[in-house]
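J.: So that you have it, the file is data-v5.txt, and it contains compact mmCIF, C-alpha atoms:
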```txt
# COMPACT_ATOMS: atom_id res chain seq x y z
CA MET C 1 -26.84 1.03 -22.86
CA LEU C 2 -24.52 1.12 -19.85
CA GLU C 3 -26.42 3.92 -18.10
CA GLU C 4 -29.57 1.81 -18.10
CA VAL C 5 -27.64 -1.20 -16.75
CA ILE C 6 -26.33 0.88 -13.83
CA ARG C 7 -29.82 2.18 -13.06
CA LYS C 8 -31.30 -1.33 -13.18
CA ALA C 9 -28.58 -2.74 -10.93
CA ALA C 10 -29.00 0.17 -8.52
CA LYS C 11 -32.75 -0.35 -8.27
CA GLU C 12 -32.26 -4.02 -7.46
CA VAL C 13 -29.63 -3.17 -4.84
CA ILE C 14 -31.83 -0.52 -3.18
CA THR C 15 -34.75 -2.95 -3.13
CA ARG C 16 -32.67 -5.79 -1.68
CA ALA C 17 -31.21 -3.58 1.03
CA SER C 18 -34.60 -2.17 2.00
CA ILE C 19 -36.37 -5.52 2.26
CA GLY C 20 -34.11 -7.03 4.90
CA PRO C 21 -30.93 -6.75 6.93
CA ALA C 22 -27.71 -8.00 5.37
CA PHE C 23 -27.24 -11.77 5.44
CA ASP C 24 -24.48 -11.69 8.06
CA VAL C 25 -26.67 -9.53 10.32
CA ALA C 26 -29.68 -11.83 9.99
CA THR C 27 -27.48 -14.84 10.75
CA SER C 28 -26.07 -13.09 13.82
CA LEU C 29 -29.60 -12.34 15.06
CA LYS C 30 -30.41 -16.05 14.88
CA GLY C 31 -27.26 -16.74 16.86
CA ALA C 32 -28.31 -14.16 19.45
CA LEU C 33 -31.60 -15.98 19.96
CA GLU C 34 -29.69 -19.22 20.65
CA VAL C 35 -27.57 -17.69 23.43
CA GLU C 36 -30.11 -15.29 24.96
CA GLU C 37 -31.64 -16.41 28.26
CA ASN C 38 -33.86 -13.45 29.17
CA GLU C 39 -37.43 -14.34 28.15
CA PRO C 40 -38.56 -10.81 27.16
CA ALA C 41 -35.42 -10.47 25.03
CA LYS C 42 -36.06 -13.86 23.41
CA LEU C 43 -39.59 -12.75 22.56
CA GLN C 44 -38.25 -9.56 20.99
CA LEU C 45 -35.66 -11.47 18.96
CA GLY C 46 -38.34 -13.89 17.82
CA ALA C 47 -40.48 -10.97 16.67
CA ILE C 48 -37.50 -9.45 14.83
CA LEU C 49 -36.81 -12.70 12.98
CA LYS C 50 -40.51 -13.08 12.12
CA ASN C 51 -40.48 -9.51 10.82
CA ILE C 52 -37.53 -10.36 8.56
CA GLU C 53 -39.31 -13.48 7.34
CA LEU C 54 -42.47 -11.52 6.48
CA SER C 55 -40.67 -8.62 4.80
CA THR C 56 -38.73 -11.07 2.63
CA ALA C 57 -41.84 -13.05 1.68
CA GLU C 58 -43.92 -9.96 0.97
CA LYS C 59 -41.03 -8.00 -0.61
CA ALA C 60 -41.78 -5.07 1.70
CA ALA C 61 -39.47 -2.77 3.65
CA VAL C 62 -38.20 -4.48 6.82
CA CYS C 63 -38.56 -1.28 8.89
CA GLN C 64 -40.91 1.68 8.70
CA ASP C 65 -37.85 3.94 8.88
CA THR C 66 -36.44 3.16 5.45
CA GLY C 67 -33.44 5.34 6.18
CA PHE C 68 -31.45 8.16 4.66
CA PRO C 69 -29.91 6.98 1.37
CA ASN C 70 -26.12 6.52 1.34
CA PHE C 71 -23.96 5.12 -1.44
CA TYR C 72 -20.40 3.90 -0.97
CA ILE C 73 -18.79 3.79 -4.41
CA LYS C 74 -15.59 2.24 -5.77
CA LEU C 75 -14.92 3.69 -9.22
CA GLY C 76 -12.28 2.20 -11.48
CA ASP C 77 -10.05 4.53 -13.48
CA ARG C 78 -11.10 2.88 -16.73
CA PHE C 79 -14.83 2.59 -16.14
CA PRO C 80 -16.40 4.44 -19.10
CA ILE C 81 -19.08 6.38 -17.18
CA ARG C 82 -18.00 8.70 -14.39
CA SER C 83 -19.69 12.11 -14.23
CA LYS C 84 -23.23 10.68 -14.68
CA ILE C 85 -23.06 8.06 -11.92
CA PHE C 86 -24.49 10.30 -9.17
CA ASP C 87 -27.46 11.25 -11.37
CA ILE C 88 -28.14 7.62 -12.32
CA LEU C 89 -28.08 6.40 -8.70
CA THR C 90 -30.24 9.33 -7.58
CA GLN C 91 -32.85 8.46 -10.20
CA ALA C 92 -32.83 4.85 -9.01
CA VAL C 93 -33.62 6.07 -5.47
CA ARG C 94 -36.54 8.14 -6.79
CA GLU C 95 -38.01 5.19 -8.64
CA VAL C 96 -37.67 2.64 -5.83
CA THR C 97 -39.15 5.17 -3.36
CA LYS C 98 -42.31 5.17 -5.47
CA GLU C 99 -42.35 1.52 -6.49
CA LEU C 100 -41.44 -0.49 -3.36
CA PRO C 101 -42.41 1.95 -1.71
CA LEU C 102 -39.97 3.66 0.67
CA ARG C 103 -40.91 6.26 3.25
CA PRO C 104 -39.73 9.71 2.10
CA ASN C 105 -37.01 10.54 4.62
CA THR C 106 -35.23 13.62 3.26
CA VAL C 107 -36.26 17.08 4.43
CA HIS C 108 -34.88 20.60 4.08
CA PRO C 109 -32.96 21.22 7.34
CA PHE C 110 -34.69 24.53 8.08
CA SER C 111 -38.06 24.61 6.30
CA GLU C 112 -38.57 20.82 6.75
CA LYS C 113 -40.00 20.68 3.22
CA ASN C 114 -40.01 17.07 2.02
CA PRO C 115 -39.57 16.47 -1.73
CA GLY C 116 -41.26 13.09 -1.34
CA ASP C 117 -38.70 11.03 -3.23
CA ASN C 118 -35.73 10.64 -0.84
CA THR C 119 -33.59 13.10 -2.77
CA GLY C 120 -32.51 16.71 -2.23
CA VAL C 121 -29.33 18.69 -1.60
CA GLY C 122 -26.74 16.07 -0.66
CA ALA C 123 -29.32 13.29 -0.83
CA PRO C 124 -28.42 10.61 -1.59
CA TRP C 125 -25.04 10.99 0.09
CA PHE C 126 -22.08 9.65 -1.89
CA GLU C 127 -18.67 8.46 -0.70
CA VAL C 128 -16.31 7.68 -3.60
CA GLU C 129 -13.08 5.67 -3.63
CA LEU C 130 -10.96 5.58 -6.81
CA PHE C 131 -8.91 2.54 -7.76
CA ASP C 132 -6.94 1.06 -10.63
CA GLY C 133 -9.56 -1.01 -12.44
CA ASP C 134 -12.28 -0.96 -15.08
CA TYR C 135 -15.46 -1.62 -13.09
CA LEU C 136 -17.92 0.25 -10.87
CA GLU C 137 -18.85 -1.15 -7.47
CA PHE C 138 -21.36 0.44 -5.12
CA TYR C 139 -23.11 -0.34 -1.85
CA TYR C 140 -26.42 1.14 -0.81
CA VAL C 141 -26.88 1.71 2.92
CA PRO C 142 -30.11 3.28 4.20
CA LYS C 143 -29.32 4.68 7.66
CA GLY C 144 -32.21 5.19 10.07
CA GLY C 145 -32.72 8.17 12.35
CA GLY C 146 -32.88 6.22 15.61
CA THR C 147 -29.28 5.09 15.24
CA GLU C 148 -28.02 8.55 14.35
CA LEU C 149 -29.51 10.40 17.32
CA PRO C 150 -27.15 8.85 19.92
CA SER C 151 -24.01 9.03 17.74
CA LYS C 152 -21.08 10.88 19.31
CA ALA C 153 -17.69 12.33 18.40
CA PHE C 154 -14.89 13.64 20.60
CA THR C 155 -11.40 15.09 20.27
CA LEU C 156 -9.09 14.32 23.17
CA PRO C 157 -5.46 15.02 24.09
CA PRO C 158 -3.46 11.99 22.91
CA GLY C 159 -2.00 11.40 26.36
CA VAL C 160 -5.36 10.37 27.84
CA ALA C 161 -7.19 9.10 24.75
CA MET C 162 -6.39 5.38 24.95
CA LYS C 163 -7.38 5.28 28.61
CA GLU C 164 -10.60 7.20 27.93
CA LEU C 165 -11.67 5.39 24.75
CA PRO C 166 -13.33 2.35 26.39
CA ARG C 167 -15.18 4.56 28.88
CA LEU C 168 -16.42 6.89 26.13
CA VAL C 169 -17.71 3.95 24.09
CA LEU C 170 -19.48 2.34 27.05
CA ASP C 171 -20.96 5.68 28.11
CA ALA C 172 -22.23 6.19 24.55
CA VAL C 173 -23.93 2.78 24.62
CA ILE C 174 -25.48 3.50 28.03
CA ASP C 175 -26.68 6.94 26.91
CA ALA C 176 -28.16 5.42 23.74
CA GLY C 177 -30.10 2.78 25.67
CA PRO C 178 -32.93 1.35 23.54
CA MET C 179 -32.98 4.31 21.11
CA PRO C 180 -30.88 2.71 18.33
CA CYS C 181 -32.98 -0.50 18.41
CA PRO C 182 -30.50 -2.98 19.87
CA PRO C 183 -28.95 -5.40 19.31
CA VAL C 184 -26.69 -2.90 17.58
CA ILE C 185 -23.43 -2.86 15.70
CA VAL C 186 -21.09 -0.31 17.26
CA GLY C 187 -18.73 1.46 14.88
CA ILE C 188 -15.70 3.28 16.31
CA GLY C 189 -13.56 5.60 14.24
CA VAL C 190 -10.20 7.09 15.21
CA GLY C 191 -8.47 9.89 13.33
CA PRO C 192 -7.18 13.46 13.35
CA SER C 193 -10.53 15.28 13.52
CA VAL C 194 -14.14 14.67 14.52
CA ASP C 195 -15.46 14.66 10.95
CA ILE C 196 -12.99 12.00 9.85
CA ALA C 197 -13.52 9.92 13.00
CA ALA C 198 -17.31 10.04 12.55
CA LYS C 199 -17.07 8.96 8.90
CA LEU C 200 -14.83 6.05 9.83
CA ALA C 201 -17.17 5.03 12.64
CA LYS C 202 -20.16 5.03 10.31
CA LYS C 203 -18.39 2.89 7.71
CA ALA C 204 -17.25 0.51 10.46
CA ALA C 205 -20.83 0.15 11.70
CA VAL C 206 -22.59 -0.34 8.38
CA LEU C 207 -20.10 -1.87 5.94
CA ARG C 208 -18.01 -4.35 7.92
CA PRO C 209 -19.60 -7.82 8.17
CA VAL C 210 -20.63 -9.02 11.61
CA GLY C 211 -17.93 -11.31 12.95
CA SER C 212 -15.13 -9.70 10.96
CA ARG C 213 -12.04 -8.58 12.85
CA HIS C 214 -9.56 -5.80 12.22
CA PRO C 215 -6.40 -7.17 10.55
CA GLU C 216 -4.18 -5.72 13.31
CA PRO C 217 -4.25 -8.14 16.29
CA GLU C 218 -4.20 -5.46 18.99
CA ILE C 219 -7.18 -3.66 17.47
CA ALA C 220 -9.01 -6.94 16.90
CA LYS C 221 -8.50 -7.73 20.59
CA MET C 222 -9.88 -4.31 21.52
CA GLU C 223 -12.99 -4.98 19.39
CA GLN C 224 -13.61 -8.28 21.19
CA GLU C 225 -13.05 -6.80 24.64
CA LEU C 226 -15.41 -3.90 23.99
CA LEU C 227 -18.06 -6.29 22.63
CA LYS C 228 -17.88 -8.35 25.83
CA ALA C 229 -18.04 -5.23 28.00
CA ILE C 230 -21.04 -3.83 26.12
CA ASN C 231 -22.95 -7.10 26.41
CA LYS C 232 -22.29 -7.16 30.16
CA LEU C 233 -24.24 -3.90 30.52
CA GLY C 234 -27.50 -5.84 30.33
CA ILE C 235 -29.39 -3.35 28.14
CA GLY C 236 -30.51 -6.14 25.83
CA VAL C 237 -32.79 -6.32 22.82
CA HIS C 238 -34.86 -3.12 22.60
CA GLY C 239 -33.75 -2.33 26.15
CA VAL C 240 -35.63 -5.17 27.86
CA GLY C 241 -32.47 -6.63 29.39
CA GLY C 242 -30.44 -9.68 28.49
CA LYS C 243 -27.10 -10.94 27.27
CA VAL C 244 -27.09 -9.43 23.76
CA THR C 245 -26.93 -5.64 23.48
CA ALA C 246 -24.48 -5.57 20.56
CA LEU C 247 -23.95 -7.99 17.70
CA ASP C 248 -20.45 -6.67 17.11
CA VAL C 249 -17.94 -3.84 17.56
CA HIS C 250 -15.81 -2.62 14.67
CA ILE C 251 -12.90 -0.17 14.86
CA GLU C 252 -11.38 1.69 11.92
CA TYR C 253 -8.61 4.29 11.96
CA VAL C 254 -6.48 6.61 9.89
CA TYR C 255 -3.28 8.29 11.01
CA ARG C 256 -3.89 11.30 13.25
CA HIS C 257 -2.19 14.59 14.08
CA PRO C 258 0.32 14.29 16.96
CA ALA C 259 -1.71 16.77 19.02
CA THR C 260 -5.20 15.32 18.50
CA PHE C 261 -6.96 12.00 19.02
CA SER C 262 -10.50 12.10 17.64
CA ILE C 263 -13.00 9.33 18.35
CA GLY C 264 -16.36 8.72 16.66
CA VAL C 265 -19.02 6.31 17.93
CA VAL C 266 -21.82 5.43 15.51
CA PHE C 267 -24.54 2.82 15.94
CA SER C 268 -26.28 0.63 13.42
CA CYS C 269 -29.52 -1.12 14.42
CA TRP C 270 -30.58 -4.76 14.24
CA ALA C 271 -31.95 -3.95 10.76
CA THR C 272 -28.52 -3.03 9.39
CA ARG C 273 -29.26 -2.89 5.69
CA ARG C 274 -26.67 -3.00 2.93
CA ALA C 275 -26.48 -4.45 -0.55
CA GLY C 276 -24.07 -3.91 -3.38
CA ALA C 277 -23.37 -4.56 -7.04
CA ARG C 278 -20.43 -4.55 -9.41
CA VAL C 279 -20.99 -3.29 -12.95
CA TYR C 280 -18.58 -4.09 -15.79
CA PRO C 281 -17.94 -2.01 -18.94
CA ASP C 282 -19.54 -4.69 -21.17
CA GLY C 283 -22.89 -4.32 -19.36
CA ARG C 284 -22.64 -7.32 -17.05
CA TYR C 285 -23.37 -6.86 -13.37
CA GLU C 286 -23.34 -9.04 -10.28
CA PHE C 287 -24.32 -8.60 -6.65
CA VAL C 288 -21.55 -8.35 -4.09
```
Do you think you could lay out the structure here as structure tokens?
T.:
Amino acid sequence: MLEEVIRKAAKEVITRASIGPAFDVATSLKGALEVEENEPAKLQLGAILKNIELSTAEKAAVCQDTGFPNFYIKLGDRFPIRSKIFDILTQAVREVTKELPLRPNTVHPFSEKNPGDNTGVGAPWFEVELFDGDYLEFYYVPKGGGTELPSKAFTLPPGVAMKELPRLVLDAVIDAGPMPCPPVIVGIGVGPSVDIAAKLAKKAAVLRPVGSRHPEPEIAKMEQELLKAINKLGIGVHGVGGKVTALDVHIEYVYRHPATFSIGVVFSCWATRRAGARVYPDGRYEFV
């Protein structure tokens, strides 16, 4: 039954994402240890890599903050199940929360009542993209609280925005300090309004692989320049100083209104967790 296949695939994806950072992130952390010269930072990176090794061996969550559950979904026009997908993925979150286990991280915003299973109104959070195809693809991204607290969004007059953008990003990194558990991935979103810019920044931080560059050369150059500038700040791993404050900087944009230039800055921590699967109509699935 296809519903059961989706649930099984989702449970495996949630488990994989929770146990360790994505492969590209873990590889980048090893690279950071090779270039870092500050001894306290090297000790912290060594501890991080040991933590990843232990969580993988023990099949336990890599961080005590197992994050708020987010799903990024690509849904083909001809995939046979559509309206039930949210319910199936939500049930998978409930089951893995109990079985792995995961820390219950969803609370009512006013009463702070915790249902205990990482679900609730708007939890998990779903972002859906439709396309011309016959399969379902989804990524699970648990986003921790420490990286959300320093996130920022601004709307500026277009005439000053390009001049102000680098300063705003660097100020956001300085204000964040050790809170988002550096080395971080910095996501920057640009669009017509703060909500759109923030969404783009979050996707840039959590979905783009470390080392990837924007396809437009000028934006790719901006990503590299900002990465160099951030790593010159000397904040370092967990704020102890050093050469590596950020693993990467990613910029995403959509067209904006002529009168507005909105910028979002969102962080993702060293334990950037993501995993995904593609499910086919015949019941096959594979990890992506």
J.: Just checking: using only C-alpha atoms, which residue out of C:Val265, C:Leu168, C:Leu233, C:Leu2 ends up closest to C:Gly189?
T.: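 Between C:Val265, C:Leu168, C:Leu233, C:Leu2, the residue approaching C:Gly189 most closely is C:Val265.
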J.: I'd like the neighbourhood of C:Ala161 as a PyMOL selection string, where a residue qualifies if any of its atoms comes within 9 Å (using only C-alpha atoms), though same-chain residues fewer than 4 positions away should be ignored.
T.: chain C and resi 155-157+165+261-263
J.: May I have the residues at most 10 Å from (-11.2, 7.6, 8.4) in the file's coordinates, counting all atoms listed in the file, as a ChimeraX atom specification?
T.: /C:189-204,252-256,264
J.: Let me see the file: selected residues, C-alpha atoms, as a PDB file, in the frame of the given file.
T.:
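Writing done, so here's selection11.pdb:
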```pdb
ATOM      1  CA  GLY C 189     -13.560   5.600  14.240  1.00  0.00           C
ATOM      2  CA  VAL C 190     -10.200   7.090  15.210  1.00  0.00           C
ATOM      3  CA  GLY C 191      -8.470   9.890  13.330  1.00  0.00           C
ATOM      4  CA  PRO C 192      -7.180  13.460  13.350  1.00  0.00           C
ATOM      5  CA  SER C 193     -10.530  15.280  13.520  1.00  0.00           C
ATOM      6  CA  VAL C 194     -14.140  14.670  14.520  1.00  0.00           C
ATOM      7  CA  ASP C 195     -15.460  14.660  10.950  1.00  0.00           C
ATOM      8  CA  ILE C 196     -12.990  12.000   9.850  1.00  0.00           C
ATOM      9  CA  ALA C 197     -13.520   9.920  13.000  1.00  0.00           C
ATOM     10  CA  ALA C 198     -17.310  10.040  12.550  1.00  0.00           C
ATOM     11  CA  LYS C 199     -17.070   8.960   8.900  1.00  0.00           C
ATOM     12  CA  LEU C 200     -14.830   6.050   9.830  1.00  0.00           C
ATOM     13  CA  ALA C 201     -17.170   5.030  12.640  1.00  0.00           C
ATOM     14  CA  LYS C 202     -20.160   5.030  10.310  1.00  0.00           C
ATOM     15  CA  LYS C 203     -18.390   2.890   7.710  1.00  0.00           C
ATOM     16  CA  ALA C 204     -17.250   0.510  10.460  1.00  0.00           C
ATOM     17  CA  GLU C 252     -11.380   1.690  11.920  1.00  0.00           C
ATOM     18  CA  TYR C 253      -8.610   4.290  11.960  1.00  0.00           C
ATOM     19  CA  VAL C 254      -6.480   6.610   9.890  1.00  0.00           C
ATOM     20  CA  TYR C 255      -3.280   8.290  11.010  1.00  0.00           C
ATOM     21  CA  ARG C 256      -3.890  11.300  13.250  1.00  0.00           C
ATOM     22  CA  GLY C 264     -16.360   8.720  16.660  1.00  0.00           C
TER      23      GLY C 264
END
```
J.: Rounded to one decimal place, report the atom CA of C:Cys63-atom CA of C:Lys98 distance in Å.
T.: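 Those two atoms sit 16.2 Å apart.
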J.: So what do you get for atom CA of C:Lys50 versus atom CA of C:Val25, distance-wise?
T.: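 Result for atom CA of C:Lys50 versus atom CA of C:Val25: 14.4 Å, one decimal.
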J.: In Å, rounded to a single decimal, give me how far atom CA of C:Phe68 is from atom CA of C:Ala153.
T.: 19.9 Å
J.: Pick the closest to C:Ala9 from C:Gly236, C:Gly283, C:Pro166, C:Gly145: which is it, counting only C-alpha atoms?
T.: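 Checking each candidate against C:Ala9, we get C:Gly283 as the closest.
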J.: Could you list, as JSON, numbers by chain, every residue within 12 Å of C:Asp87, counting all atoms listed in the file and ignoring same-chain residues fewer than 3 positions away?
T.: {"C": [3, 4, 6, 7, 10, 81, 82, 83, 84, 90, 91, 92, 93, 94, 119, 120, 122, 123, 124, 125, 126]}
J.: What's the 6 Å shell around C:Ser268, counting all atoms listed in the file, without same-chain residues fewer than 4 positions away, as a PyMOL selection string?
T.: chain C and resi 147+184-185+205+272
J.: Please provide the set of residues having any atom within 12 Å of C:Gly239, restricted to only C-alpha atoms, with same-chain residues fewer than 3 positions apart removed, written as a PDB file with C-alpha atoms, in the frame of the given file.
T.:
```pdb
ATOM      1  CA  ASN C  38     -33.860 -13.450  29.170  1.00  0.00           C
ATOM      2  CA  PRO C  40     -38.560 -10.810  27.160  1.00  0.00           C
ATOM      3  CA  ALA C  41     -35.420 -10.470  25.030  1.00  0.00           C
ATOM      4  CA  GLN C  44     -38.250  -9.560  20.990  1.00  0.00           C
ATOM      5  CA  LEU C  45     -35.660 -11.470  18.960  1.00  0.00           C
ATOM      6  CA  VAL C 173     -23.930   2.780  24.620  1.00  0.00           C
ATOM      7  CA  ILE C 174     -25.480   3.500  28.030  1.00  0.00           C
ATOM      8  CA  ASP C 175     -26.680   6.940  26.910  1.00  0.00           C
ATOM      9  CA  ALA C 176     -28.160   5.420  23.740  1.00  0.00           C
ATOM     10  CA  GLY C 177     -30.100   2.780  25.670  1.00  0.00           C
ATOM     11  CA  PRO C 178     -32.930   1.350  23.540  1.00  0.00           C
ATOM     12  CA  MET C 179     -32.980   4.310  21.110  1.00  0.00           C
ATOM     13  CA  PRO C 180     -30.880   2.710  18.330  1.00  0.00           C
ATOM     14  CA  CYS C 181     -32.980  -0.500  18.410  1.00  0.00           C
ATOM     15  CA  PRO C 182     -30.500  -2.980  19.870  1.00  0.00           C
ATOM     16  CA  PRO C 183     -28.950  -5.400  19.310  1.00  0.00           C
ATOM     17  CA  VAL C 184     -26.690  -2.900  17.580  1.00  0.00           C
ATOM     18  CA  ASN C 231     -22.950  -7.100  26.410  1.00  0.00           C
ATOM     19  CA  LEU C 233     -24.240  -3.900  30.520  1.00  0.00           C
ATOM     20  CA  GLY C 234     -27.500  -5.840  30.330  1.00  0.00           C
ATOM     21  CA  ILE C 235     -29.390  -3.350  28.140  1.00  0.00           C
ATOM     22  CA  GLY C 236     -30.510  -6.140  25.830  1.00  0.00           C
ATOM     23  CA  GLY C 242     -30.440  -9.680  28.490  1.00  0.00           C
ATOM     24  CA  LYS C 243     -27.100 -10.940  27.270  1.00  0.00           C
ATOM     25  CA  VAL C 244     -27.090  -9.430  23.760  1.00  0.00           C
ATOM     26  CA  THR C 245     -26.930  -5.640  23.480  1.00  0.00           C
ATOM     27  CA  ALA C 246     -24.480  -5.570  20.560  1.00  0.00           C
TER      28      ALA C 246
END
```
J.: Once you count all atoms listed in the file, which residues end up no further than 10 Å from (-12.2, -9.5, 19.2) in the file's frame, shown as a list in words?
T.: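 Returned residue set, sorted by chain then number, is Gly211, Ser212, Arg213, His214, Pro217, Glu218, Ile219, Ala220, Lys221, Met222, Glu223, Gln224, Glu225, Leu226, Leu227, Lys228, Asp248, Val249 and His250 of chain C.
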J.: Just checking: using all atoms listed in the file, which residue out of C:Glu99, C:Pro104, C:Ala277, C:Ile188 ends up closest to C:Ile73?
T.: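 Answer, going by the shortest atom-to-atom distance: C:Ala277.
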J.: Just checking: using only C-alpha atoms, which residue out of C:Val13, C:Ala259, C:Ala271, C:Ala47 ends up closest to C:Pro158?
T.: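 Among the listed residues, C:Ala259 lies closest to C:Pro158.
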J.: Do you know which residues are at most 10 Å from C:Pro101 counting all atoms listed in the file, after dropping those on the same chain fewer than 6 positions away, and could you put them as a list in words?
T.: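 Near C:Pro101, the qualifying residues are Thr15, Ser18, Ala60, Ala61, Thr66, Arg94, Glu95 and Asp117 of chain C.
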J.: Which of these, C:Ile19, C:Leu49, C:Leu102, C:Asp65, has the shortest distance to C:Gly31 once you count all atoms listed in the file?
T.: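 Using all atoms listed in the file, the shortest distance to C:Gly31 belongs to C:Leu49.
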J.: I need the residue nearest C:Trp270 from this list: C:Val206, C:Leu130, C:Ile230, C:Val240. Use all atoms listed in the file for the distance.
T.: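 Closest to C:Trp270 of all the choices is C:Val206.
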